[in-house]
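File shown: data_30.txt (compact mmCIF, C-alpha atoms).
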```txt
# COMPACT_ATOMS: atom_id res chain seq x y z
CA MET I 1 173.42 -86.28 84.99
CA THR I 2 170.26 -86.73 82.93
CA GLY I 3 168.16 -87.65 85.95
CA LEU I 4 169.38 -84.73 88.04
CA PHE I 5 168.84 -82.33 85.13
CA ALA I 6 165.26 -83.57 84.68
CA ILE I 7 164.53 -83.18 88.40
CA MET I 8 165.79 -79.59 88.42
CA LEU I 9 163.71 -78.72 85.36
CA VAL I 10 160.63 -80.00 87.19
CA LEU I 11 161.64 -77.79 90.14
CA SER I 12 161.78 -74.78 87.73
CA VAL I 13 165.54 -74.26 88.08
CA PRO I 14 166.77 -72.14 85.12
CA VAL I 15 168.17 -74.32 82.34
CA GLY I 16 171.70 -72.88 82.50
CA TYR I 17 172.06 -73.47 86.24
CA ALA I 18 170.46 -76.91 85.97
CA LEU I 19 172.98 -77.92 83.31
CA ILE I 20 175.96 -76.69 85.35
CA ILE I 21 174.82 -78.46 88.53
CA ALA I 22 173.95 -81.72 86.74
CA SER I 23 177.15 -81.88 84.68
CA GLY I 24 179.31 -80.74 87.63
CA THR I 25 177.83 -83.53 89.74
CA ALA I 26 178.55 -86.02 86.95
CA ILE I 27 182.18 -84.87 86.71
CA LEU I 28 182.65 -85.26 90.47
CA TRP I 29 181.00 -88.70 90.27
CA GLN I 30 183.36 -89.78 87.47
CA GLY I 31 186.36 -88.57 89.45
CA GLY I 32 188.70 -88.52 86.46
CA THR I 33 188.57 -84.80 85.69
CA PRO I 34 190.36 -82.28 87.95
CA THR I 35 188.06 -79.52 89.15
CA VAL I 36 190.43 -76.90 87.71
CA LEU I 37 190.02 -78.46 84.25
CA ALA I 38 186.24 -78.48 84.73
CA VAL I 39 186.31 -74.73 85.42
CA VAL I 40 188.45 -74.19 82.30
CA LYS I 41 185.96 -76.23 80.27
CA LEU I 42 183.16 -74.06 81.66
CA PHE I 43 184.69 -70.81 80.42
CA GLN I 44 186.44 -72.07 77.30
CA PRO I 45 183.43 -71.54 74.95
CA THR I 46 183.26 -67.84 75.87
CA GLN I 47 186.63 -67.33 74.12
CA SER I 48 185.16 -68.21 70.72
CA PHE I 49 185.55 -65.46 68.10
CA PRO I 50 182.54 -66.63 65.97
CA LEU I 51 180.24 -66.42 69.02
CA LEU I 52 180.84 -62.66 69.10
CA ALA I 53 178.44 -62.52 66.16
CA ILE I 54 175.51 -63.33 68.47
CA PRO I 55 175.48 -60.13 70.59
CA PHE I 56 176.20 -57.92 67.58
CA PHE I 57 173.39 -59.41 65.49
CA ILE I 58 171.03 -59.08 68.47
CA LEU I 59 172.09 -55.45 68.90
CA SER I 60 171.62 -54.62 65.21
CA GLY I 61 168.12 -56.12 65.27
CA SER I 62 167.19 -54.20 68.42
CA LEU I 63 168.41 -50.92 66.97
CA MET I 64 166.50 -51.34 63.73
CA MET I 65 163.24 -52.70 65.12
CA SER I 66 162.85 -50.41 68.13
CA GLY I 67 162.24 -47.39 65.91
CA THR I 68 159.82 -46.62 63.12
CA LEU I 69 161.11 -49.42 60.88
CA GLY I 70 158.70 -51.90 62.48
CA GLN I 71 155.75 -49.75 61.43
CA LYS I 72 157.23 -49.41 57.93
CA LEU I 73 157.46 -53.20 57.66
CA VAL I 74 153.84 -53.64 58.68
CA ALA I 75 152.74 -50.99 56.17
CA PHE I 76 154.70 -52.72 53.39
CA ALA I 77 153.27 -56.15 54.27
CA ALA I 78 149.73 -54.72 54.40
CA ASN I 79 150.18 -53.21 50.94
CA LEU I 80 151.58 -56.46 49.62
CA VAL I 81 149.05 -59.05 50.86
CA GLY I 82 146.40 -57.28 52.96
CA ARG I 83 143.78 -57.29 50.20
CA TYR I 84 143.66 -61.10 49.94
CA HIS I 85 141.64 -63.58 52.03
CA GLY I 86 143.18 -63.89 55.47
CA GLY I 87 145.26 -60.86 54.53
CA MET I 88 145.94 -59.67 58.07
CA GLY I 89 147.29 -63.07 58.99
CA GLN I 90 149.43 -63.01 55.87
CA VAL I 91 150.71 -59.58 56.92
CA THR I 92 152.01 -61.22 60.10
CA VAL I 93 153.77 -63.97 58.11
CA VAL I 94 155.38 -61.53 55.67
CA GLY I 95 156.39 -59.25 58.52
CA SER I 96 157.89 -62.18 60.41
CA THR I 97 159.88 -63.26 57.37
CA ILE I 98 161.33 -59.79 56.88
CA PHE I 99 161.85 -59.27 60.61
CA GLY I 100 163.67 -62.59 60.74
CA GLY I 101 166.24 -61.12 58.36
CA VAL I 102 166.90 -58.38 60.90
CA SER I 103 166.62 -59.92 64.35
CA GLY I 104 167.53 -63.61 63.97
CA SER I 105 165.49 -64.31 67.12
CA ALA I 106 162.03 -65.89 67.16
CA VAL I 107 161.31 -64.69 70.70
CA ALA I 108 162.18 -61.07 69.87
CA GLU I 109 160.09 -61.31 66.72
CA ALA I 110 157.04 -62.74 68.50
CA SER I 111 157.19 -60.01 71.13
CA ALA I 112 157.77 -57.07 68.77
CA LEU I 113 155.42 -58.00 65.93
CA GLY I 114 152.85 -59.66 68.17
CA SER I 115 152.39 -56.52 70.26
CA MET I 116 151.64 -54.58 67.05
CA LEU I 117 149.69 -57.06 64.94
CA ILE I 118 147.64 -59.18 67.35
CA PRO I 119 145.63 -56.23 68.78
CA TRP I 120 145.21 -54.91 65.22
CA GLN I 121 143.78 -58.23 63.99
CA LYS I 122 141.48 -58.46 66.99
CA ARG I 123 140.11 -54.95 66.32
CA GLU I 124 139.41 -55.90 62.70
CA GLY I 125 137.40 -58.97 63.72
CA TYR I 126 139.92 -61.83 63.64
CA PRO I 127 139.59 -64.48 66.38
CA ALA I 128 142.14 -63.81 69.10
CA GLY I 129 143.28 -67.43 69.10
CA PHE I 130 143.97 -67.36 65.35
CA ALA I 131 145.90 -64.07 65.61
CA ALA I 132 148.06 -65.54 68.37
CA ALA I 133 148.57 -68.79 66.41
CA VAL I 134 149.84 -66.93 63.33
CA THR I 135 152.31 -64.93 65.42
CA ALA I 136 153.50 -67.97 67.42
CA SER I 137 154.17 -70.08 64.33
CA SER I 138 155.46 -67.50 61.82
CA SER I 139 157.90 -65.93 64.28
CA THR I 140 159.92 -69.16 64.20
CA ILE I 141 160.94 -68.36 60.60
CA ALA I 142 163.56 -66.13 62.23
CA GLY I 143 165.43 -69.33 63.11
CA LEU I 144 166.13 -69.88 59.40
CA ILE I 145 166.34 -66.52 57.65
CA PRO I 146 169.86 -65.00 58.06
CA PRO I 147 171.15 -63.87 60.52
CA SER I 148 169.86 -66.92 62.40
CA ILE I 149 171.10 -67.24 65.98
CA PRO I 150 170.24 -71.00 66.12
CA LEU I 151 172.34 -71.67 63.01
CA ILE I 152 175.29 -69.81 64.55
CA LEU I 153 174.99 -71.99 67.65
CA TYR I 154 174.79 -75.15 65.54
CA SER I 155 177.95 -74.14 63.69
CA THR I 156 179.83 -74.02 67.02
CA VAL I 157 179.06 -77.68 67.77
CA SER I 158 179.43 -79.00 64.21
CA ASN I 159 182.22 -76.81 62.76
CA ALA I 160 179.97 -76.30 59.73
CA SER I 161 180.36 -73.11 57.69
CA ILE I 162 178.05 -70.34 58.93
CA ALA I 163 177.87 -68.89 55.42
CA ALA I 164 176.81 -72.28 53.99
CA LEU I 165 174.22 -72.72 56.74
CA PHE I 166 172.78 -69.24 56.15
CA THR I 167 172.48 -69.91 52.42
CA ALA I 168 170.97 -73.37 52.87
CA ALA I 169 168.28 -72.14 55.28
CA ILE I 170 166.83 -69.42 53.04
CA LEU I 171 164.72 -71.74 50.86
CA PRO I 172 163.24 -73.71 53.81
CA GLY I 173 162.42 -70.41 55.52
CA LEU I 174 160.62 -69.14 52.45
CA MET I 175 158.78 -72.46 52.09
CA LEU I 176 157.52 -72.14 55.66
CA ALA I 177 156.42 -68.58 54.96
CA LEU I 178 154.55 -69.60 51.80
CA GLY I 179 152.89 -72.52 53.58
CA PHE I 180 151.76 -70.34 56.51
CA MET I 181 150.41 -67.73 54.07
CA LEU I 182 148.36 -70.42 52.33
CA VAL I 183 146.96 -71.48 55.71
CA CYS I 184 145.94 -67.87 56.38
CA TYR I 185 144.42 -67.55 52.89
CA PHE I 186 142.25 -70.66 53.08
CA SER I 187 141.30 -69.99 56.72
CA GLY I 188 140.23 -66.47 55.78
CA ARG I 189 138.28 -67.68 52.77
CA LEU I 190 136.50 -70.53 54.57
CA ARG I 191 135.78 -68.60 57.77
CA GLY I 192 135.02 -65.21 56.24
CA PHE I 193 137.78 -63.19 57.89
CA PRO I 194 137.73 -59.49 56.93
CA ARG I 195 140.15 -58.13 54.35
CA LEU I 196 141.88 -54.78 54.04
CA THR I 197 139.72 -52.85 51.59
CA ASP I 198 140.42 -49.30 52.77
CA ARG I 199 142.20 -47.63 49.85
CA SER I 200 144.01 -45.27 52.20
CA GLN I 201 145.59 -48.29 53.87
CA MET I 202 146.41 -49.93 50.55
CA ALA I 203 147.82 -46.90 48.74
CA GLY I 204 151.45 -46.10 48.17
CA PHE I 205 152.95 -49.56 47.62
CA GLY I 206 156.06 -48.08 46.03
CA LYS I 207 156.53 -45.67 48.91
CA SER I 208 156.12 -48.44 51.52
CA LEU I 209 158.57 -50.63 49.59
CA VAL I 210 161.22 -47.90 49.67
CA SER I 211 160.60 -47.31 53.39
CA ALA I 212 161.03 -51.01 54.21
CA ALA I 213 163.97 -51.52 51.82
CA PRO I 214 166.69 -51.31 54.54
CA ALA I 215 165.16 -54.28 56.36
CA LEU I 216 164.51 -56.17 53.11
CA ALA I 217 168.16 -55.72 52.13
CA MET I 218 169.65 -56.97 55.43
CA PRO I 219 169.65 -60.77 54.79
CA PHE I 220 170.96 -60.35 51.23
CA PHE I 221 173.60 -57.95 52.49
CA ILE I 222 174.74 -60.58 55.04
CA ILE I 223 174.79 -63.46 52.54
CA VAL I 224 176.74 -61.49 49.90
CA LEU I 225 179.44 -60.46 52.37
CA LEU I 226 179.79 -64.01 53.69
CA ARG I 227 179.64 -65.94 50.42
CA ALA I 228 182.01 -63.54 48.66
CA GLY I 229 184.53 -63.96 51.47
CA ILE I 230 184.58 -60.21 52.11
CA ALA I 231 184.07 -60.60 55.86
CA THR I 232 183.75 -63.27 58.55
CA PRO I 233 180.41 -63.78 60.34
CA THR I 234 181.66 -61.78 63.33
CA GLU I 235 182.84 -58.94 61.11
CA VAL I 236 179.50 -58.97 59.28
CA SER I 237 177.66 -58.70 62.60
CA VAL I 238 179.69 -55.59 63.52
CA ILE I 239 178.99 -54.11 60.09
CA ALA I 240 175.28 -54.85 60.68
CA VAL I 241 175.36 -52.76 63.87
CA PHE I 242 176.99 -49.87 62.01
CA TYR I 243 174.39 -50.30 59.23
CA ALA I 244 171.55 -50.16 61.78
CA LEU I 245 172.99 -47.00 63.38
CA VAL I 246 173.37 -45.25 60.01
CA VAL I 247 169.87 -46.24 58.83
CA SER I 248 168.25 -45.13 62.09
CA ALA I 249 170.23 -41.89 62.35
CA LEU I 250 170.25 -40.71 58.73
CA LEU I 251 167.32 -42.38 56.97
CA TYR I 252 164.60 -42.60 59.64
CA ARG I 253 166.13 -39.98 61.95
CA ASP I 254 164.68 -41.60 65.05
CA LEU I 255 167.88 -42.67 66.80
CA THR I 256 168.06 -41.42 70.39
CA LEU I 257 170.33 -42.09 73.34
CA ALA I 258 167.41 -43.79 75.10
CA ARG I 259 166.99 -46.23 72.18
CA ILE I 260 170.71 -47.00 72.16
CA ARG I 261 170.68 -47.57 75.92
CA ASP I 262 167.62 -49.84 75.78
CA ALA I 263 169.09 -51.81 72.87
CA LEU I 264 172.39 -52.29 74.72
CA VAL I 265 170.68 -53.40 77.94
CA GLY I 266 168.44 -55.85 76.06
CA THR I 267 171.43 -57.22 74.15
CA VAL I 268 173.45 -57.77 77.33
CA ILE I 269 170.58 -59.60 79.03
CA THR I 270 169.83 -61.83 76.03
CA THR I 271 173.51 -62.57 75.42
CA GLY I 272 174.03 -63.40 79.10
CA VAL I 273 171.24 -65.97 79.01
CA VAL I 274 172.54 -67.56 75.79
CA MET I 275 176.17 -67.62 76.96
CA LEU I 276 175.23 -69.21 80.27
CA VAL I 277 173.61 -72.08 78.38
CA ILE I 278 176.62 -72.31 76.04
CA THR I 279 179.12 -72.56 78.89
CA ALA I 280 176.96 -75.07 80.74
CA SER I 281 176.59 -77.17 77.59
CA SER I 282 180.38 -77.30 77.33
CA LEU I 283 180.51 -79.22 80.62
CA VAL I 284 177.72 -81.50 79.46
CA GLY I 285 179.62 -82.12 76.22
CA HIS I 286 182.75 -82.99 78.19
CA VAL I 287 180.85 -85.63 80.17
CA LEU I 288 179.26 -87.08 77.02
CA ILE I 289 182.58 -87.23 75.16
CA THR I 290 184.49 -88.84 78.03
CA GLU I 291 181.75 -91.48 78.26
CA ARG I 292 181.78 -91.85 74.43
CA ILE I 293 178.02 -91.28 74.31
CA PRO I 294 177.83 -89.77 70.75
CA ALA I 295 179.85 -92.64 69.28
CA LEU I 296 177.89 -95.27 71.20
CA VAL I 297 174.52 -93.78 70.17
CA ALA I 298 175.65 -93.62 66.53
CA GLN I 299 176.79 -97.25 66.67
CA TRP I 300 173.55 -98.35 68.36
CA SER I 301 171.47 -96.51 65.76
CA GLN I 302 173.23 -98.23 62.90
CA GLU I 303 173.06 -101.68 64.46
CA THR I 304 169.44 -101.43 65.69
CA LEU I 305 167.67 -99.30 63.10
CA GLY I 306 169.86 -100.18 60.17
CA THR I 307 168.66 -97.75 57.50
CA ALA I 308 169.25 -94.01 57.27
CA VAL I 309 165.50 -93.43 56.82
CA LEU I 310 164.66 -94.89 60.24
CA ILE I 311 167.64 -93.18 61.92
CA ILE I 312 166.45 -89.79 60.65
CA VAL I 313 162.96 -90.59 61.95
CA MET I 314 164.47 -91.39 65.34
CA MET I 315 166.42 -88.12 65.43
CA ASN I 316 163.34 -86.11 64.49
CA VAL I 317 161.17 -87.78 67.13
CA ILE I 318 163.78 -87.16 69.84
CA MET I 319 164.11 -83.50 68.82
CA LEU I 320 160.34 -82.98 68.74
CA ILE I 321 160.05 -84.33 72.28
CA VAL I 322 163.04 -82.39 73.60
CA GLY I 323 161.88 -79.21 71.84
CA MET I 324 158.59 -79.35 73.74
CA PHE I 325 160.43 -78.86 77.03
CA LEU I 326 163.75 -77.09 76.31
CA ASP I 327 164.45 -73.73 74.70
CA LEU I 328 165.95 -73.91 71.24
CA PRO I 329 169.55 -72.81 72.08
CA ALA I 330 169.88 -75.32 74.93
CA ALA I 331 168.42 -78.13 72.82
CA ILE I 332 170.81 -77.44 69.93
CA LEU I 333 173.86 -77.40 72.19
CA LEU I 334 172.79 -80.56 74.01
CA LEU I 335 171.71 -82.68 71.04
CA GLY I 336 174.08 -81.25 68.43
CA PRO I 337 177.26 -83.23 69.19
CA THR I 338 175.44 -86.56 69.32
CA PHE I 339 173.40 -85.92 66.18
CA VAL I 340 176.44 -84.70 64.26
CA ALA I 341 178.11 -88.04 65.04
CA ILE I 342 174.97 -89.93 63.96
CA GLY I 343 174.69 -87.85 60.78
CA ALA I 344 178.31 -88.57 59.89
CA ALA I 345 177.72 -92.28 60.44
CA ILE I 346 174.85 -92.36 57.92
CA GLY I 347 176.52 -90.01 55.44
CA MET I 348 174.23 -87.01 56.08
CA ASP I 349 175.72 -83.65 55.18
CA PRO I 350 176.17 -81.45 58.30
CA ILE I 351 174.57 -78.50 56.47
CA GLN I 352 171.40 -80.46 55.76
CA LEU I 353 171.45 -81.81 59.32
CA GLY I 354 171.76 -78.28 60.75
CA VAL I 355 168.74 -77.02 58.82
CA MET I 356 166.75 -80.09 59.86
CA ILE I 357 167.65 -79.55 63.52
CA CYS I 358 166.71 -75.85 63.44
CA ILE I 359 163.34 -76.48 61.77
CA ASN I 360 162.53 -79.31 64.15
CA LEU I 361 163.42 -77.46 67.32
CA SER I 362 161.71 -74.30 66.05
CA ILE I 363 158.46 -76.27 65.98
CA GLY I 364 158.93 -76.78 69.71
CA LEU I 365 158.72 -73.01 70.21
CA PHE I 366 154.99 -73.08 69.39
CA THR I 367 154.24 -76.51 70.80
CA PRO I 368 152.83 -77.08 74.31
CA PRO I 369 153.58 -77.48 77.15
CA ILE I 370 156.50 -75.00 77.20
CA GLY I 371 156.46 -73.29 73.79
CA THR I 372 157.99 -69.83 74.20
CA THR I 373 156.36 -68.11 71.21
CA LEU I 374 153.11 -69.93 72.01
CA PHE I 375 153.04 -68.37 75.47
CA ILE I 376 153.99 -64.94 74.11
CA GLY I 377 151.21 -65.02 71.52
CA ALA I 378 148.62 -66.18 74.04
CA ALA I 379 149.68 -63.54 76.57
CA ILE I 380 149.45 -60.70 74.04
CA ALA I 381 146.09 -61.95 72.70
CA ARG I 382 144.84 -62.56 76.27
CA VAL I 383 143.44 -66.00 75.47
CA PRO I 384 144.06 -69.44 77.03
CA ILE I 385 146.83 -71.61 75.58
CA GLY I 386 144.24 -74.18 74.52
CA ALA I 387 142.45 -71.66 72.31
CA VAL I 388 145.70 -70.96 70.46
CA VAL I 389 146.63 -74.64 70.08
CA LYS I 390 143.24 -75.35 68.46
CA GLU I 391 144.10 -72.84 65.76
CA LEU I 392 147.62 -74.14 65.27
CA TRP I 393 146.96 -77.58 63.75
CA PRO I 394 147.19 -76.47 60.06
CA PHE I 395 150.41 -74.60 60.86
CA TYR I 396 151.80 -77.80 62.41
CA LEU I 397 150.97 -79.69 59.20
CA VAL I 398 152.89 -77.16 57.09
CA ALA I 399 155.87 -77.21 59.45
CA PHE I 400 156.00 -81.02 59.49
CA ALA I 401 155.75 -81.16 55.69
CA VAL I 402 158.73 -78.79 55.33
CA LEU I 403 160.63 -80.74 58.00
CA ILE I 404 160.14 -84.02 56.12
CA LEU I 405 161.33 -82.47 52.86
CA MET I 406 164.43 -81.03 54.50
CA SER I 407 165.14 -84.35 56.23
CA TYR I 408 165.01 -86.55 53.13
CA VAL I 409 165.65 -84.33 50.10
CA PRO I 410 169.19 -82.89 50.25
CA ALA I 411 168.58 -80.75 47.15
CA PHE I 412 166.45 -78.34 49.20
CA THR I 413 169.44 -77.40 51.36
CA LEU I 414 172.56 -78.32 49.35
CA TYR I 415 172.25 -75.98 46.39
```

Will you turn the file into structure tokens for me?
Amino acid sequence: MTGLFAIMLVLSVPVGYALIIASGTAILWQGGTPTVLAVVKLFQPTQSFPLLAIPFFILSGSLMMSGTLGQKLVAFAANLVGRYHGGMGQVTVVGSTIFGGVSGSAVAEASALGSMLIPWQKREGYPAGFAAAVTASSSTIAGLIPPSIPLILYSTVSNASIAALFTAAILPGLMLALGFMLVCYFSGRLRGFPRLTDRSQMAGFGKSLVSAAPALAMPFFIIVLLRAGIATPTEVSVIAVFYALVVSALLYRDLTLARIRDALVGTVITTGVVMLVITASSLVGHVLITERIPALVAQWSQETLGTAVLIIVMMNVIMLIVGMFLDLPAAILLLGPTFVAIGAAIGMDPIQLGVMICINLSIGLFTPPIGTTLFIGAAIARVPIGAVVKELWPFYLVAFAVLILMSYVPAFTLY
């Protein structure tokens, strides 16, 4: 199964189809599973009530960010940090952090904010490679700030509480944001990047704060409803769609039928891609479980590596390598069951493990050779991938530092 999957990836077969073909071949090779049961296993994950949260959160983010709210967020971020060294880069980080609380998708964030902020930074005199690097790295914060699609996917393979995962990931997300802002500050100071000094651009902080308040309130609104037990994650996602419709229609008054149509079409396409990977991963999981792979890997890790410190290092190295080649949803669904078994064997809390997995695989989104946000940033900036990677090394250092803290200090996630 693994060999066939690798061959199809090299042949550029889409991940979902490659997983179905490889796992289907493995099931036929085993011969112990009836084909009817294999088909049932393929479609069984689509009947999950919690997974309904994914399309609704995607739809709410599309509705809110396709209007004027994106411009309001940029204006607020510019008022907040634009005057400092590397301020325009910091605007991207702050915007990404807020946008992450609306969209939950790093790819959507990189595309939406990158198309606005990268050309703006280039016009103001920032190197194109640096502008793309800031967008590629900071957009991955969306994988941690609620509503995080990766955390929802992890909860499906670990049975961990979505509310607990959302709460645990807020601090790591903010730590990444602060670290990336410091990188922008020192880069701007050392390299003499221009700052926003136009008073007309800097004026009206209170007004910009009020305009961006609906987006700023979204993650807190989600956490309060979940932690207070008022609604389930799926119910919260539906409420978020209603919230986005009301804000767009009554507050910003920019809701049109064309926007609703485009948001629905985009949501269907994105959900289709994610669900295809989820169903395919169900077959892969069936093969792994029948062969007892998670239990065997956990046993091997304990017998060979011995200590929890080395086992966590092994898990992180595997995820970093896998994340360089696979998209984040597929990597979570493939590695999750095995790593949950390993984490249980060494006494690691599944909440801490989930945050560690999401941070680690998010790094893969801006790591060559197949980093999705890396390619998006480079394409918008119109620079070679190599030029962006040269600017990314301090962002990698920050991300690795946060990853190490989340891996070995439970207090950062279990609070």

Checklist entry - Rounded to one decimal in Å, what is the spacing between CA of Gly101 in chain I and CA of Ile141 in chain I? => result 9.2 Å

Long-range neighbours of Ala401 in chain I as an mmCIF file with C-alpha atoms, in the coordinates of the input, 10 Å cut-off, all atoms listed in the file, 4 positions minimum in chain:
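New file part_39.cif:
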```cif
data_model
loop_
_atom_site.group_PDB
_atom_site.id
_atom_site.type_symbol
_atom_site.label_atom_id
_atom_site.label_comp_id
_atom_site.auth_asym_id
_atom_site.auth_seq_id
_atom_site.Cartn_x
_atom_site.Cartn_y
_atom_site.Cartn_z
ATOM 1 C CA MET I 175 158.780 -72.460 52.090
ATOM 2 C CA LEU I 176 157.520 -72.140 55.660
ATOM 3 C CA GLY I 179 152.890 -72.520 53.580
ATOM 4 C CA PHE I 395 150.410 -74.600 60.860
ATOM 5 C CA TYR I 396 151.800 -77.800 62.410
ATOM 6 C CA LEU I 397 150.970 -79.690 59.200
ATOM 7 C CA LEU I 405 161.330 -82.470 52.860
ATOM 8 C CA MET I 406 164.430 -81.030 54.500
ATOM 9 C CA SER I 407 165.140 -84.350 56.230
#
```

Checklist entry - What is the CA of Leu335 in chain I to CA of Thr372 in chain I distance in Å? => result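 Distance reported for this atom pair: 19.1 Å.
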
Item to check | Spatial neighbours of range 234-243 of chain I, max dist 12 Å, only C-alpha atoms, sep filter under 5 positions, as a ChimeraX atom specification | outcome: /I:48-64,101-104,146-149,152,162-163,214-215,217-229,248-251,260,263-264,267

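With CA of Leu353 in chain I on one side and CA of Ser137 in chain I on the other, the separation reads 21.5 Å.
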
Contacts of Tyr185 in chain I at 9 Å (all atoms listed in the file; same-chain gap of 2+ positions) as a compact mmCIF listing (two decimals) with C-alpha atoms, in the frame of the given file:
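Final output, saved to selection30.txt:
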```
# COMPACT_ATOMS: atom_id res chain seq x y z
CA TYR I 84 143.66 -61.10 49.94
CA HIS I 85 141.64 -63.58 52.03
CA GLY I 86 143.18 -63.89 55.47
CA GLY I 87 145.26 -60.86 54.53
CA GLY I 89 147.29 -63.07 58.99
CA GLN I 90 149.43 -63.01 55.87
CA PHE I 180 151.76 -70.34 56.51
CA MET I 181 150.41 -67.73 54.07
CA LEU I 182 148.36 -70.42 52.33
CA VAL I 183 146.96 -71.48 55.71
CA SER I 187 141.30 -69.99 56.72
CA GLY I 188 140.23 -66.47 55.78
CA ARG I 189 138.28 -67.68 52.77
CA LEU I 190 136.50 -70.53 54.57
```

Any idea what's packed within 10 Å of Thr338 in chain I, counting all atoms listed in the file, ignoring anything in its chain fewer than 4 positions away? Could you give it as a short mmCIF file (atom, residue, chain, number, x, y, z; two decimals) with C-alpha atoms, in the frame of the given file?
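Final file, around31.cif:
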```cif
data_model
loop_
_atom_site.label_atom_id
_atom_site.label_comp_id
_atom_site.auth_asym_id
_atom_site.auth_seq_id
_atom_site.Cartn_x
_atom_site.Cartn_y
_atom_site.Cartn_z
CA VAL I 157 179.06 -77.68 67.77
CA SER I 158 179.43 -79.00 64.21
CA GLY I 285 179.62 -82.12 76.22
CA LEU I 288 179.26 -87.08 77.02
CA ILE I 289 182.58 -87.23 75.16
CA ARG I 292 181.78 -91.85 74.43
CA ILE I 293 178.02 -91.28 74.31
CA PRO I 294 177.83 -89.77 70.75
CA ALA I 295 179.85 -92.64 69.28
CA LEU I 296 177.89 -95.27 71.20
CA VAL I 297 174.52 -93.78 70.17
CA ALA I 298 175.65 -93.62 66.53
CA MET I 315 166.42 -88.12 65.43
CA LEU I 333 173.86 -77.40 72.19
CA LEU I 334 172.79 -80.56 74.01
CA ILE I 342 174.97 -89.93 63.96
CA GLY I 343 174.69 -87.85 60.78
#
```

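Residues in contact with Leu9 in chain I at 12 Å, where all atoms listed in the file are counted and same-chain residues fewer than 3 positions away are skipped, are listed as Thr2, Gly3, Leu4, Phe5, Ala6, Ser12, Val13, Pro14, Val15, Gly16, Tyr17, Ala18, Leu19, Ile21, Ala22, Phe325, Leu326, Asp327 and Ile370 of chain I.
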
Which residues of range 27-107 of chain I have any atom within 7 Å of an atom in range 276-280 of chain I when counting only C-alpha atoms, and what is the closest pair of atoms for each, with the distance in Å to one decimal? Order the rows by chain and rising number and write it as JSON lines.
```
{"residue": "I:Leu42", "atom": "CA", "partner": "I:Thr279", "partner_atom": "CA", "distance": 5.1}
{"residue": "I:Phe43", "atom": "CA", "partner": "I:Thr279", "partner_atom": "CA", "distance": 6.0}
{"residue": "I:Pro45", "atom": "CA", "partner": "I:Thr279", "partner_atom": "CA", "distance": 5.9}
{"residue": "I:Thr46", "atom": "CA", "partner": "I:Thr279", "partner_atom": "CA", "distance": 7.0}
```

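Nearest to Val40 in chain I of all the residues I:Val265, I:Leu283, I:Ala160, I:Ile351 is I:Leu283, based on all atoms listed in the file.
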
Item to check | From I:Ala411, I:His286, I:Val355, I:Ala378, residue lying nearest Phe166 in chain I [only C-alpha atoms] | outcome: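 Closest candidate: I:Val355.
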
Next on the checklist: Could you check the closest approach to Thr232 in chain I for each of I:Leu11, I:Ser161, I:Ile269, I:Ile311 and tell me which residue wins, using only C-alpha atoms?
Outcome noted: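 Smallest separation from Thr232 in chain I among the options: I:Ser161.
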
Please rebuild range 162-169 of chain I with N, CA, C and O atoms and give the result as a PDB file, keeping the file's coordinate frame.
```
ATOM      1  N   ILE I 162     179.217 -71.184  58.649  1.00  0.00           N
ATOM      2  CA  ILE I 162     178.050 -70.340  58.930  1.00  0.00           C
ATOM      3  C   ILE I 162     177.475 -69.800  57.621  1.00  0.00           C
ATOM      4  O   ILE I 162     176.255 -69.737  57.441  1.00  0.00           O
ATOM      5  N   ALA I 163     178.343 -69.413  56.699  1.00  0.00           N
ATOM      6  CA  ALA I 163     177.870 -68.890  55.420  1.00  0.00           C
ATOM      7  C   ALA I 163     177.053 -69.943  54.671  1.00  0.00           C
ATOM      8  O   ALA I 163     175.991 -69.645  54.104  1.00  0.00           O
ATOM      9  N   ALA I 164     177.535 -71.195  54.665  1.00  0.00           N
ATOM     10  CA  ALA I 164     176.810 -72.280  53.990  1.00  0.00           C
ATOM     11  C   ALA I 164     175.483 -72.553  54.676  1.00  0.00           C
ATOM     12  O   ALA I 164     174.458 -72.810  54.010  1.00  0.00           O
ATOM     13  N   LEU I 165     175.464 -72.505  55.997  1.00  0.00           N
ATOM     14  CA  LEU I 165     174.220 -72.720  56.740  1.00  0.00           C
ATOM     15  C   LEU I 165     173.203 -71.616  56.439  1.00  0.00           C
ATOM     16  O   LEU I 165     172.019 -71.888  56.221  1.00  0.00           O
ATOM     17  N   PHE I 166     173.664 -70.366  56.444  1.00  0.00           N
ATOM     18  CA  PHE I 166     172.780 -69.240  56.150  1.00  0.00           C
ATOM     19  C   PHE I 166     172.153 -69.392  54.757  1.00  0.00           C
ATOM     20  O   PHE I 166     170.959 -69.193  54.569  1.00  0.00           O
ATOM     21  N   THR I 167     172.979 -69.755  53.788  1.00  0.00           N
ATOM     22  CA  THR I 167     172.480 -69.910  52.420  1.00  0.00           C
ATOM     23  C   THR I 167     171.495 -71.067  52.314  1.00  0.00           C
ATOM     24  O   THR I 167     170.439 -70.950  51.664  1.00  0.00           O
ATOM     25  N   ALA I 168     171.827 -72.178  52.953  1.00  0.00           N
ATOM     26  CA  ALA I 168     170.970 -73.370  52.870  1.00  0.00           C
ATOM     27  C   ALA I 168     169.616 -73.168  53.514  1.00  0.00           C
ATOM     28  O   ALA I 168     168.627 -73.797  53.119  1.00  0.00           O
ATOM     29  N   ALA I 169     169.527 -72.290  54.518  1.00  0.00           N
ATOM     30  CA  ALA I 169     168.280 -72.140  55.280  1.00  0.00           C
ATOM     31  C   ALA I 169     167.303 -71.164  54.648  1.00  0.00           C
ATOM     32  O   ALA I 169     166.144 -71.102  55.075  1.00  0.00           O
TER      33      ALA I 169
END
```
